[in-house]
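Quick look at protein-v2.cif (mmCIF, C-alpha atoms):
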data_structure
#
loop_
_atom_site.label_atom_id
_atom_site.label_comp_id
_atom_site.auth_asym_id
_atom_site.auth_seq_id
_atom_site.Cartn_x
_atom_site.Cartn_y
_atom_site.Cartn_z
CA LEU R 18 0.08 -14.33 20.79
CA ALA R 19 -1.27 -11.79 23.28
CA ASP R 20 -3.05 -14.57 25.19
CA TRP R 21 0.10 -16.71 25.29
CA LEU R 22 2.07 -13.75 26.65
CA VAL R 23 -0.37 -13.36 29.54
CA LEU R 24 -0.05 -17.04 30.41
CA LEU R 25 3.74 -17.08 30.02
CA GLU R 26 4.18 -14.00 32.19
CA ASP R 27 2.09 -15.52 34.97
CA TYR R 28 3.93 -18.86 34.70
CA VAL R 29 7.40 -17.30 34.71
CA LEU R 30 6.86 -14.75 37.49
CA ARG R 31 4.71 -16.80 39.84
CA CYS R 32 5.93 -20.34 39.22
CA LEU R 33 9.45 -20.52 37.82
CA ARG R 34 10.95 -17.59 39.74
CA ALA R 35 9.55 -18.98 42.98
CA ASP R 36 11.12 -22.39 42.31
CA PRO R 37 14.82 -22.62 43.30
CA SER R 38 15.46 -25.84 41.34
CA PRO R 39 17.89 -25.94 38.37
CA ASP R 40 15.10 -27.28 36.17
CA ALA R 41 13.00 -24.18 36.83
CA ALA R 42 15.97 -21.92 36.09
CA ALA R 43 16.59 -23.72 32.80
CA ARG R 44 12.95 -23.31 31.79
CA TYR R 45 13.10 -19.63 32.72
CA GLU R 46 16.12 -19.08 30.46
CA ALA R 47 14.55 -21.07 27.62
CA ILE R 48 11.40 -18.94 27.72
CA ALA R 49 13.46 -15.74 27.85
CA ALA R 50 15.44 -16.86 24.78
CA ALA R 51 12.27 -17.77 22.89
CA LEU R 52 10.74 -14.37 23.68
CA ARG R 53 13.87 -12.59 22.44
CA GLU R 54 13.39 -14.30 19.07
CA LEU R 55 10.07 -12.44 18.86
CA SER R 56 11.61 -9.23 20.24
CA PHE R 57 10.07 -9.43 23.69
CA THR R 58 12.15 -8.91 26.82
CA LEU R 59 11.56 -10.86 30.02
CA THR R 60 12.13 -8.60 33.04
CA ARG R 61 11.52 -8.92 36.76
CA GLN R 62 8.28 -6.96 36.23
CA GLY R 63 7.04 -9.02 33.32
CA ILE R 64 7.24 -9.31 29.53
CA ARG R 65 8.00 -6.10 27.64
CA ARG R 66 7.47 -5.54 23.93
CA GLY R 67 10.41 -4.60 21.70
CA THR R 68 10.87 -3.91 17.98
CA SER R 69 11.45 -6.98 15.82
CA ASP R 70 12.79 -7.38 12.30
CA VAL R 71 9.25 -8.18 11.20
CA ASP R 72 8.07 -4.95 12.83
CA ARG R 73 10.69 -2.95 10.94
CA LEU R 74 9.76 -4.75 7.75
CA LEU R 75 6.08 -3.83 8.16
CA THR R 76 6.67 -0.16 9.00
CA GLY R 77 9.08 0.28 6.09
CA SER R 78 7.41 -2.00 3.56
CA ALA R 79 7.27 -0.87 -0.07
CA ALA R 80 3.59 -1.77 0.11
CA LYS R 81 3.07 1.33 2.26
CA SER R 82 4.54 3.56 -0.44
CA ILE R 83 2.25 1.96 -3.02
CA ALA R 84 -0.73 2.50 -0.74
CA LEU R 85 0.27 6.14 -0.13
CA ALA R 86 0.10 6.86 -3.86
CA GLU R 87 -3.27 5.10 -4.06
CA VAL R 88 -4.68 7.12 -1.15
CA VAL R 89 -3.52 10.50 -2.47
CA ALA R 90 -4.71 9.65 -6.00
CA CYS R 91 -8.09 8.66 -4.57
CA GLU R 92 -8.38 11.93 -2.66
CA TYR R 93 -7.29 13.93 -5.71
CA GLU R 94 -10.00 12.26 -7.79
CA ALA R 95 -12.59 13.08 -5.11
CA ARG R 96 -11.53 16.66 -4.34
CA GLY R 97 -9.77 17.92 -7.44
CA ALA R 98 -7.97 21.24 -7.09
CA ALA R 99 -9.36 21.68 -3.56
CA LEU R 100 -7.14 18.89 -2.20
CA ARG R 101 -4.66 19.91 0.49
CA ALA R 102 -2.99 16.76 1.76
CA LEU R 103 -0.57 16.40 4.65
CA VAL R 104 1.60 13.26 4.89
CA LEU R 105 3.27 12.65 8.26
CA THR R 106 6.16 10.24 8.79
CA ASP R 107 8.32 9.36 11.78
CA ALA R 108 11.68 10.31 10.32
CA GLU R 109 13.32 12.46 7.70
CA ARG R 110 16.51 10.48 7.47
CA ALA R 111 16.92 6.76 7.02
CA GLN R 112 17.44 4.92 10.28
CA ALA R 113 20.30 2.48 10.66
CA ILE R 114 19.20 -1.14 10.36
CA PRO R 115 21.02 -3.17 13.01
CA ALA R 116 19.83 -6.58 11.84
CA ASP R 117 21.48 -8.34 8.92
CA ALA R 118 18.19 -10.10 8.22
CA LEU R 119 16.77 -6.99 6.55
CA LEU R 120 19.79 -6.06 4.44
CA GLY R 121 18.83 -6.36 0.80
CA VAL R 122 15.17 -6.74 1.78
CA LEU R 123 14.27 -3.34 3.17
CA ARG R 124 15.54 -0.15 1.56
CA PRO R 125 17.37 2.00 4.15
CA GLU R 126 15.26 5.06 3.25
CA ALA R 127 11.97 3.15 3.43
CA GLY R 128 9.32 4.92 5.47
CA THR R 129 11.08 8.30 5.45
CA ALA R 130 9.69 11.63 4.31
CA PRO R 131 11.95 11.88 1.19
CA GLU R 132 10.77 8.44 0.08
CA ALA R 133 7.14 9.62 0.31
CA VAL R 134 7.91 12.63 -1.90
CA ARG R 135 9.71 10.48 -4.47
CA VAL R 136 6.80 8.03 -4.63
CA LEU R 137 4.20 10.75 -5.13
CA ALA R 138 6.31 12.66 -7.66
CA ALA R 139 6.92 9.50 -9.69
CA ASP R 140 3.24 8.53 -9.96
CA GLY R 141 1.51 10.08 -12.95
CA ARG R 142 -1.72 10.50 -10.97
CA THR R 143 -0.18 12.44 -8.09
CA ALA R 144 2.79 14.19 -9.74
CA PRO R 145 0.64 17.25 -10.70
CA LEU R 146 0.18 17.93 -6.97
CA ARG R 147 3.87 18.93 -6.73
CA PRO R 148 4.64 17.24 -3.38
CA LEU R 149 6.96 19.28 -1.15
CA LEU R 150 9.08 18.01 1.74
CA VAL R 151 9.23 20.41 4.71
CA SER R 152 11.75 19.73 7.46
CA GLY R 153 14.08 21.44 9.87
CA ARG R 154 16.86 20.95 7.33
CA GLY R 155 15.11 22.70 4.47
CA LEU R 156 12.68 22.23 1.59
CA ARG R 157 12.97 19.50 -1.05
CA CYS R 158 10.95 18.54 -4.10
CA ALA R 159 11.26 16.68 -7.37
CA GLU R 160 13.50 18.35 -9.94
CA ALA R 161 10.59 18.81 -12.34
CA ASP R 162 8.74 20.89 -9.73
CA ALA R 163 11.68 23.08 -8.71
CA ASP R 164 11.06 26.09 -10.98
CA GLY R 165 7.40 26.41 -10.03
CA MET R 166 8.12 26.03 -6.32
CA LEU R 167 10.98 28.55 -6.40
CA ALA R 168 8.69 31.11 -8.06
CA ALA R 169 6.00 30.48 -5.43
CA LEU R 170 8.48 30.92 -2.57
CA ALA R 171 10.11 34.02 -4.04
CA ALA R 172 6.72 35.70 -4.52
CA ARG R 173 6.02 35.36 -0.79
CA ALA R 174 9.52 35.92 0.58
CA PRO R 175 10.16 38.63 3.17
CA ALA R 176 12.70 41.38 2.52
CA GLY R 177 16.29 40.26 2.71
CA LEU R 178 15.91 36.95 0.89
CA THR R 179 17.34 36.78 -2.63
CA ASP R 180 18.68 34.32 -5.17
CA PHE R 181 16.21 31.48 -4.71
CA ARG R 182 17.79 28.36 -6.20
CA ALA R 183 17.56 24.58 -6.42
CA GLU R 184 20.50 22.26 -5.80
CA PRO R 185 20.76 18.44 -5.69
CA ALA R 186 19.87 17.26 -2.21
CA ARG R 187 22.79 15.24 -0.86
CA ASP R 188 20.68 13.76 1.93
CA ALA R 189 17.72 12.86 -0.33
CA ALA R 190 18.72 11.21 -3.60
CA GLY R 191 16.50 12.10 -6.53
CA LEU R 192 15.25 15.34 -4.97
CA VAL R 193 16.49 18.94 -5.08
CA ARG R 194 16.94 21.29 -2.16
CA LEU R 195 15.27 24.70 -2.37
CA SER R 196 17.08 27.58 -0.65
CA ALA R 197 17.73 31.33 -0.72
CA ARG R 198 20.49 33.72 0.24
CA GLY R 199 20.10 35.82 3.35
CA ALA R 200 20.35 35.57 7.11
CA ALA R 201 16.57 35.29 7.33
CA TRP R 202 16.57 31.87 5.62
CA GLN R 203 15.75 29.86 8.73
CA PRO R 204 13.31 27.03 9.52
CA ARG R 205 10.55 29.31 10.82
CA VAL R 206 10.75 31.28 7.54
CA TRP R 207 10.80 28.41 5.07
CA VAL R 208 8.12 26.50 6.96
CA GLY R 209 5.94 29.63 6.82
CA LEU R 210 6.58 30.15 3.09
CA ALA R 211 5.82 26.50 2.34
CA THR R 212 2.59 26.74 4.34
CA GLU R 213 1.51 29.83 2.39
CA ALA R 214 2.32 28.14 -0.94
CA PHE R 215 0.36 25.11 0.23
CA ALA R 216 -2.69 27.19 1.15
CA ALA R 217 -2.56 28.87 -2.28
CA GLY R 218 -2.38 25.52 -4.09
CA GLU R 219 1.16 25.96 -5.47
CA THR R 220 1.77 22.59 -3.85
CA ARG R 221 -1.15 20.45 -2.76
CA VAL R 222 0.80 17.85 -0.77
CA LEU R 223 3.10 18.66 2.12
CA VAL R 224 5.26 15.86 3.48
CA GLY R 225 7.01 16.12 6.81
CA THR R 226 7.69 14.52 10.15
CA ARG R 227 5.11 14.52 12.92
CA ALA R 228 7.67 16.32 15.12
CA LEU R 229 7.76 19.38 12.84
CA LEU R 230 4.27 19.45 11.33
CA GLY R 231 2.45 18.06 14.35
CA GLU R 232 1.57 20.18 17.38
CA GLY R 233 2.08 23.92 16.79
CA TRP R 234 1.88 23.91 13.00
CA ASP R 235 -1.38 25.25 11.64
CA SER R 236 -2.98 25.35 8.21
CA PRO R 237 -6.81 25.35 8.16
CA ARG R 238 -6.74 24.33 4.49
CA VAL R 239 -5.58 20.76 5.28
CA ASN R 240 -8.44 18.45 4.32
CA CYS R 241 -6.57 15.16 4.03
CA LEU R 242 -4.14 13.64 6.53
CA VAL R 243 -2.16 10.48 5.77
CA ASP R 244 -0.58 9.05 8.92
CA MET R 245 2.51 7.00 8.02
CA SER R 246 3.93 7.17 11.55
CA ALA R 247 4.21 4.48 14.21
CA ALA R 248 3.08 6.77 17.05
CA THR R 249 0.21 5.35 19.12
CA THR R 250 0.01 7.51 22.26
CA SER R 251 -3.23 9.41 22.72
CA VAL R 252 -1.38 12.76 22.74
CA SER R 253 0.48 12.11 19.48
CA VAL R 254 -2.55 10.68 17.72
CA THR R 255 -4.75 13.59 18.78
CA GLN R 256 -2.13 16.13 17.73
CA MET R 257 -1.76 14.62 14.27
CA ARG R 258 -5.51 14.38 13.67
CA GLY R 259 -5.84 17.95 14.87
CA ARG R 260 -3.93 19.18 11.81
CA SER R 261 -6.82 18.28 9.51
CA LEU R 262 -9.78 18.84 11.84
CA ARG R 263 -9.41 22.63 11.97
CA LEU R 264 -12.31 24.68 10.66
CA ASP R 265 -11.53 26.45 7.40
CA PRO R 266 -13.08 29.94 7.06
CA ALA R 267 -12.66 29.67 3.29
CA ASP R 268 -14.61 26.39 3.14
CA PRO R 269 -17.59 26.20 5.54
CA GLU R 270 -18.51 22.79 4.07
CA LYS R 271 -15.06 21.32 4.76
CA ILE R 272 -14.87 17.57 5.37
CA ALA R 273 -11.46 16.12 6.28
CA SER R 274 -10.24 12.60 5.53
CA ASN R 275 -7.84 10.95 7.98
CA TRP R 276 -6.02 7.91 6.61
CA ASP R 277 -3.89 5.21 8.23
CA ILE R 278 -1.63 3.04 6.07
CA VAL R 279 -1.54 -0.44 7.63
CA CYS R 280 0.65 -3.33 6.49
CA VAL R 281 -0.14 -6.94 7.47
CA ALA R 282 1.91 -10.07 6.75
CA PRO R 283 -0.40 -12.96 7.72
CA GLU R 284 2.27 -15.63 7.15
CA LEU R 285 4.81 -14.15 9.61
CA ALA R 286 4.99 -14.35 13.40
CA ARG R 287 4.00 -10.89 14.68
CA GLY R 288 2.95 -10.05 11.14
CA ASP R 289 0.03 -8.15 12.66
CA ALA R 290 2.22 -5.72 14.65
CA ASP R 291 1.36 -2.79 12.39
CA TYR R 292 -2.33 -3.60 12.66
CA ASP R 293 -1.96 -3.71 16.44
CA ARG R 294 -0.57 -0.15 16.31
CA PHE R 295 -3.54 0.90 14.20
CA VAL R 296 -5.90 -0.54 16.82
CA ARG R 297 -4.11 1.30 19.64
CA LYS R 298 -4.40 4.56 17.69
CA HIS R 299 -8.14 4.23 17.23
CA LEU R 300 -8.80 3.29 20.83
CA HIS R 301 -8.13 7.01 21.50
CA LEU R 302 -10.42 8.26 18.73
CA PHE R 303 -14.20 8.61 18.68
CA ALA R 304 -16.09 8.63 15.38
CA PRO R 305 -19.49 7.58 14.01
CA SER R 306 -19.82 3.97 12.88
CA GLU R 307 -21.97 2.96 9.90
CA ASP R 308 -25.15 3.10 12.00
CA GLY R 309 -24.30 6.57 13.29
CA VAL R 310 -23.32 5.54 16.83
CA ILE R 311 -20.21 7.32 18.12
CA GLU R 312 -17.63 4.76 19.22
CA ALA R 313 -13.90 4.29 19.78
CA GLY R 314 -11.91 1.54 18.15
CA PRO R 315 -11.19 0.28 14.62
CA SER R 316 -14.76 -0.79 13.87
CA HIS R 317 -15.73 2.84 13.23
CA VAL R 318 -13.31 2.70 10.29
CA HIS R 319 -14.90 -0.46 8.87
CA PRO R 320 -17.21 -3.01 10.56
CA SER R 321 -14.87 -5.87 9.57
CA LEU R 322 -11.99 -4.43 11.60
CA SER R 323 -11.69 -6.03 15.03
CA PRO R 324 -9.57 -4.84 17.98
CA PHE R 325 -8.27 -8.40 18.44
CA ALA R 326 -6.83 -9.36 15.05
CA PRO R 327 -6.74 -8.19 11.42
CA PRO R 328 -9.44 -9.47 9.08
CA PRO R 329 -8.75 -12.45 6.80
CA GLU R 330 -6.39 -11.67 3.94
CA ALA R 331 -9.16 -12.41 1.43
CA GLU R 332 -11.04 -9.32 2.70
CA PHE R 333 -8.18 -6.82 2.32
CA ALA R 334 -9.05 -5.76 -1.25
CA GLU R 335 -12.73 -5.26 -0.44
CA ILE R 336 -11.93 -3.17 2.65
CA ASN R 337 -9.53 -1.01 0.62
CA ARG R 338 -12.22 -0.52 -2.03
CA ALA R 339 -14.72 0.48 0.63
CA MET R 340 -12.26 3.03 2.04
CA GLY R 341 -11.84 4.53 -1.42
CA ASP R 342 -15.62 4.85 -1.72
CA ARG R 343 -15.81 6.44 1.74
CA ALA R 344 -13.36 9.14 0.65
CA ARG R 345 -15.88 10.36 -1.94
CA GLU R 346 -18.90 10.39 0.36
CA HIS R 347 -18.59 13.90 1.78
CA THR R 348 -22.34 14.41 2.00
CA LEU R 349 -22.78 11.13 3.87
CA ALA R 350 -19.93 12.05 6.22
CA ARG R 351 -21.68 15.29 7.17
CA ALA R 352 -24.88 13.34 7.78
CA ARG R 353 -23.07 10.79 9.96
CA TRP R 354 -21.57 13.54 12.09
CA ALA R 355 -24.96 15.31 12.27
CA ILE R 356 -23.24 18.61 11.49
CA GLY R 357 -25.54 21.56 12.15
CA GLU R 358 -28.03 19.52 14.17
CA PRO R 359 -28.65 19.95 17.93
#
Show me this structure written as structure tokens.
Amino acid sequence: LADWLVLLEDYVLRCLRADPSPDAAARYEAIAAALRELSFTLTRQGIRRGTSDVDRLLTGSAAKSIALAEVVACEYEARGAALRALVLTDAERAQAIPADALLGVLRPEAGTAPEAVRVLAADGRTAPLRPLLVSGRGLRCAEADADGMLAALAARAPAGLTDFRAEPARDAAGLVRLSARGAAWQPRVWVGLATEAFAAGETRVLVGTRALLGEGWDSPRVNCLVDMSAATTSVSVTQMRGRSLRLDPADPEKIASNWDIVCVAPELARGDADYDRFVRKHLHLFAPSEDGVIEAGPSHVHPSLSPFAPPPEAEFAEINRAMGDRAREHTLARARWAIGEP
């Protein structure tokens, strides 16, 4: 598709627009209409990418929630009680879906932070981690975790905060909202309390948006980052990875795992849009490949991952298995990075 777009853009801008004939104008409009079907816009400067229904389907797919539980369970198996995982999403609230094509197909809350908490709390492997949602609107968790989290918050609360309680969260079905009485109950306070409880292991998974828990938020204990966002700019990607790459004075041997959840639909037009975002993210990141050479691009994640297209569907399961094995290879990771060597 990318190659066709290059050819179409050249043809439209340099041939059809320069031709005053009605036939050329009709072809121009036909190409513009065809591009709109794939959520591209034809402008006077060229073809611009938009967001398609397929794109929304990929970013909000239930497969991503399933993969999130698999990733966190894998990290919990590898790290045990030392796990401190951070899950970053784009949004806290469900976004309106303008297209009728996705009604009944994609859950409105798909891809949001509350959905991530519900998925982790409902999985028997990850429920003991007591996932906690941290946002500018408050703290939320599963009802079964409320008493333990309230006790952890109250034990660290500053003077002036009393009556810690849990109430049904109206904006996050299936979760409860944690709050306290007092004028000091403000975002900077509850974010700080949640971070302290996280460092102490009262909760071992924090879920939030990249806007709140991205640049400026700091917890050296984070040793696992799961990026569920669609951000691809070098600044955003670097900021998110920076949450887990901090040195931890309490763990000199710390190795952090950074995960991307990627959804591919090989049978759909633009079904590789999510993979394309993954490629753009890793073009900004340098890491050692299997042979120890530092390189940018998706091949440092796995040698089968190309910058041009996703691997064949038949290889997905094997790549996922290899990623699970990689998560347990902390000693090999230190060797790859040549930590402590000149």
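Those residues that approach segment 97-111 of chain R to within 7 Å, counting only C-alpha atoms, are Pro125, Glu126, Thr129, Ala130, Pro131, Arg221, Val222, Leu223, Val224, Gly225, Thr226, Arg227, Arg238, Val239, Asn240, Cys241, Leu242, Val243, Asp244, Met245, Ser246 and Ala247 of chain R; same-chain residues fewer than 6 positions away are not listed.
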Selected by the PyMOL selection byres ((chain R and resi 44-58) around 12) in the shown coordinates: which residues, as a ChimeraX atom specification? /R:18-19,21-22,24-43,59-73,285-288,290
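Atom CA of Asp20 of chain R lies 19.5 Å from atom CA of Val281 of chain R.
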Within 10 Å of segment 89-92 of chain R: each segment 135-202 of chain R residue with its shortest pair, all atoms listed in the file, as a Markdown table:
| residue | atom | partner | partner_atom | distance |
| --- | --- | --- | --- | --- |
| R:Leu137 | CA | R:Val89 | CA | 8.2 |
| R:Asp140 | CA | R:Ala90 | CA | 9.0 |
| R:Gly141 | CA | R:Ala90 | CA | 9.3 |
| R:Arg142 | CA | R:Ala90 | CA | 5.9 |
| R:Thr143 | CA | R:Ala90 | CA | 5.7 |
| R:Ala144 | CA | R:Ala90 | CA | 9.5 |
| R:Leu146 | CA | R:Val89 | CA | 9.4 |
Determine the residue set returned by the PyMOL selection byres ((chain R and resi 251-261) around 6) for the present structure, and present it as a ChimeraX atom specification. /R:231-232,239-240,250,262-263,301
Applied to this file, what does the PyMOL selection byres ((chain R and resi 317) around 10) return in terms of residues, put as a PyMOL selection string? chain R and resi 299+302-316+318-323
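Compared by their closest atoms to Ala344 of chain R, and using all atoms listed in the file, the residues R:Lys81, R:Arg154, R:Arg194, R:Arg96 rank with R:Arg96 nearest.
Taking atom CA of Ala331 of chain R and atom CA of Cys280 of chain R as the two end points, the separation is 14.3 Å.
Put simply, atom CA of His347 of chain R is 25.4 Å away from atom CA of Trp234 of chain R.
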Within 10 Å of (7.1, 32.1, -3.9) (file coordinates; all atoms listed in the file), which protein or nucleic acid residues are there? I'd like them as an MDAnalysis selection string. chainID R and resid 165:174 181 210:211 213:214 219
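Closest approach to Asp268 of chain R from the set R:Pro237, R:Val206, R:Leu229, R:Lys298 is made by R:Pro237, with distances taken over all atoms listed in the file.
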Can you pull out every residue within 9 Å of Arg198 of chain R, counting all atoms listed in the file, but drop anything in the same chain fewer than 2 positions away, and send it as JSON, numbers by chain? {"R": [177, 178, 179, 180, 181, 182, 196, 200, 201, 202]}
Axis-aligned box for segment 340-357 of chain R, 8 Å per side, centre and edges in Å as JSON:
{"center_x": -18.7, "center_y": 12.3, "center_z": 5.2, "size_x": 29.7, "size_y": 34.5, "size_z": 30.2}
Mind checking which residues fall within 10 Å of Pro185 of chain R, counting all atoms listed in the file, ignoring those fewer than 6 positions away in the same chain, and posting them as a ChimeraX atom specification? /R:157-160,191-195
For Arg147 of chain R, the closest of R:Gly209, R:Ile278, R:Gly218, R:Ala176 counting only C-alpha atoms is R:Gly218
If I put a ball of radius 10 Å at (5.5, -0.8, 1.6) in the file's coordinates, which residues poke into it when counting all atoms listed in the file, written as an mmCIF file with C-alpha atoms, in the frame of the given file?
data_model
loop_
_atom_site.group_PDB
_atom_site.id
_atom_site.type_symbol
_atom_site.label_atom_id
_atom_site.label_comp_id
_atom_site.auth_asym_id
_atom_site.auth_seq_id
_atom_site.Cartn_x
_atom_site.Cartn_y
_atom_site.Cartn_z
ATOM 1 C CA LEU R 74 9.760 -4.750 7.750
ATOM 2 C CA LEU R 75 6.080 -3.830 8.160
ATOM 3 C CA THR R 76 6.670 -0.160 9.000
ATOM 4 C CA GLY R 77 9.080 0.280 6.090
ATOM 5 C CA SER R 78 7.410 -2.000 3.560
ATOM 6 C CA ALA R 79 7.270 -0.870 -0.070
ATOM 7 C CA ALA R 80 3.590 -1.770 0.110
ATOM 8 C CA LYS R 81 3.070 1.330 2.260
ATOM 9 C CA SER R 82 4.540 3.560 -0.440
ATOM 10 C CA ILE R 83 2.250 1.960 -3.020
ATOM 11 C CA ALA R 84 -0.730 2.500 -0.740
ATOM 12 C CA LEU R 85 0.270 6.140 -0.130
ATOM 13 C CA LEU R 123 14.270 -3.340 3.170
ATOM 14 C CA ALA R 127 11.970 3.150 3.430
ATOM 15 C CA GLY R 128 9.320 4.920 5.470
ATOM 16 C CA ILE R 278 -1.630 3.040 6.070
ATOM 17 C CA VAL R 279 -1.540 -0.440 7.630
ATOM 18 C CA CYS R 280 0.650 -3.330 6.490
#
Just add N, CA and C atoms to segment 344-359 of chain R and send it as a PDB file, in the coordinates of the input.
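Dumped to rebuild_7.pdb:
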ATOM      1  N   ALA R 344     -14.039   7.862   0.865  1.00  0.00           N
ATOM      2  CA  ALA R 344     -13.360   9.140   0.650  1.00  0.00           C
ATOM      3  C   ALA R 344     -14.157  10.076  -0.255  1.00  0.00           C
ATOM      4  N   ARG R 345     -15.088   9.533  -1.027  1.00  0.00           N
ATOM      5  CA  ARG R 345     -15.880  10.360  -1.940  1.00  0.00           C
ATOM      6  C   ARG R 345     -17.236  10.752  -1.355  1.00  0.00           C
ATOM      7  N   GLU R 346     -17.561  10.208  -0.195  1.00  0.00           N
ATOM      8  CA  GLU R 346     -18.900  10.390   0.360  1.00  0.00           C
ATOM      9  C   GLU R 346     -18.942  11.555   1.355  1.00  0.00           C
ATOM     10  N   HIS R 347     -18.639  12.746   0.891  1.00  0.00           N
ATOM     11  CA  HIS R 347     -18.590  13.900   1.780  1.00  0.00           C
ATOM     12  C   HIS R 347     -19.979  14.233   2.351  1.00  0.00           C
ATOM     13  N   THR R 348     -20.989  14.120   1.529  1.00  0.00           N
ATOM     14  CA  THR R 348     -22.340  14.410   2.000  1.00  0.00           C
ATOM     15  C   THR R 348     -22.765  13.422   3.083  1.00  0.00           C
ATOM     16  N   LEU R 349     -22.451  12.142   2.872  1.00  0.00           N
ATOM     17  CA  LEU R 349     -22.780  11.130   3.870  1.00  0.00           C
ATOM     18  C   LEU R 349     -21.986  11.342   5.154  1.00  0.00           C
ATOM     19  N   ALA R 350     -20.747  11.786   5.029  1.00  0.00           N
ATOM     20  CA  ALA R 350     -19.930  12.050   6.220  1.00  0.00           C
ATOM     21  C   ALA R 350     -20.561  13.152   7.068  1.00  0.00           C
ATOM     22  N   ARG R 351     -21.034  14.207   6.423  1.00  0.00           N
ATOM     23  CA  ARG R 351     -21.680  15.290   7.170  1.00  0.00           C
ATOM     24  C   ARG R 351     -22.952  14.776   7.859  1.00  0.00           C
ATOM     25  N   ALA R 352     -23.670  13.886   7.193  1.00  0.00           N
ATOM     26  CA  ALA R 352     -24.880  13.340   7.780  1.00  0.00           C
ATOM     27  C   ALA R 352     -24.550  12.455   8.986  1.00  0.00           C
ATOM     28  N   ARG R 353     -23.466  11.653   8.850  1.00  0.00           N
ATOM     29  CA  ARG R 353     -23.070  10.790   9.960  1.00  0.00           C
ATOM     30  C   ARG R 353     -22.695  11.609  11.200  1.00  0.00           C
ATOM     31  N   TRP R 354     -21.995  12.690  10.978  1.00  0.00           N
ATOM     32  CA  TRP R 354     -21.570  13.540  12.090  1.00  0.00           C
ATOM     33  C   TRP R 354     -22.682  14.445  12.590  1.00  0.00           C
ATOM     34  N   ALA R 355     -23.804  14.479  11.886  1.00  0.00           N
ATOM     35  CA  ALA R 355     -24.960  15.310  12.270  1.00  0.00           C
ATOM     36  C   ALA R 355     -24.535  16.788  12.404  1.00  0.00           C
ATOM     37  N   ILE R 356     -23.725  17.232  11.452  1.00  0.00           N
ATOM     38  CA  ILE R 356     -23.240  18.610  11.490  1.00  0.00           C
ATOM     39  C   ILE R 356     -24.401  19.585  11.316  1.00  0.00           C
ATOM     40  N   GLY R 357     -24.488  20.562  12.204  1.00  0.00           N
ATOM     41  CA  GLY R 357     -25.540  21.560  12.150  1.00  0.00           C
ATOM     42  C   GLY R 357     -26.803  21.172  12.893  1.00  0.00           C
ATOM     43  N   GLU R 358     -26.855  19.941  13.404  1.00  0.00           N
ATOM     44  CA  GLU R 358     -28.030  19.520  14.170  1.00  0.00           C
ATOM     45  C   GLU R 358     -27.779  19.713  15.655  1.00  0.00           C
ATOM     46  N   PRO R 359     -28.834  19.778  16.470  1.00  0.00           N
ATOM     47  CA  PRO R 359     -28.650  19.950  17.930  1.00  0.00           C
ATOM     48  C   PRO R 359     -27.828  18.813  18.515  1.00  0.00           C
TER      49      PRO R 359
END
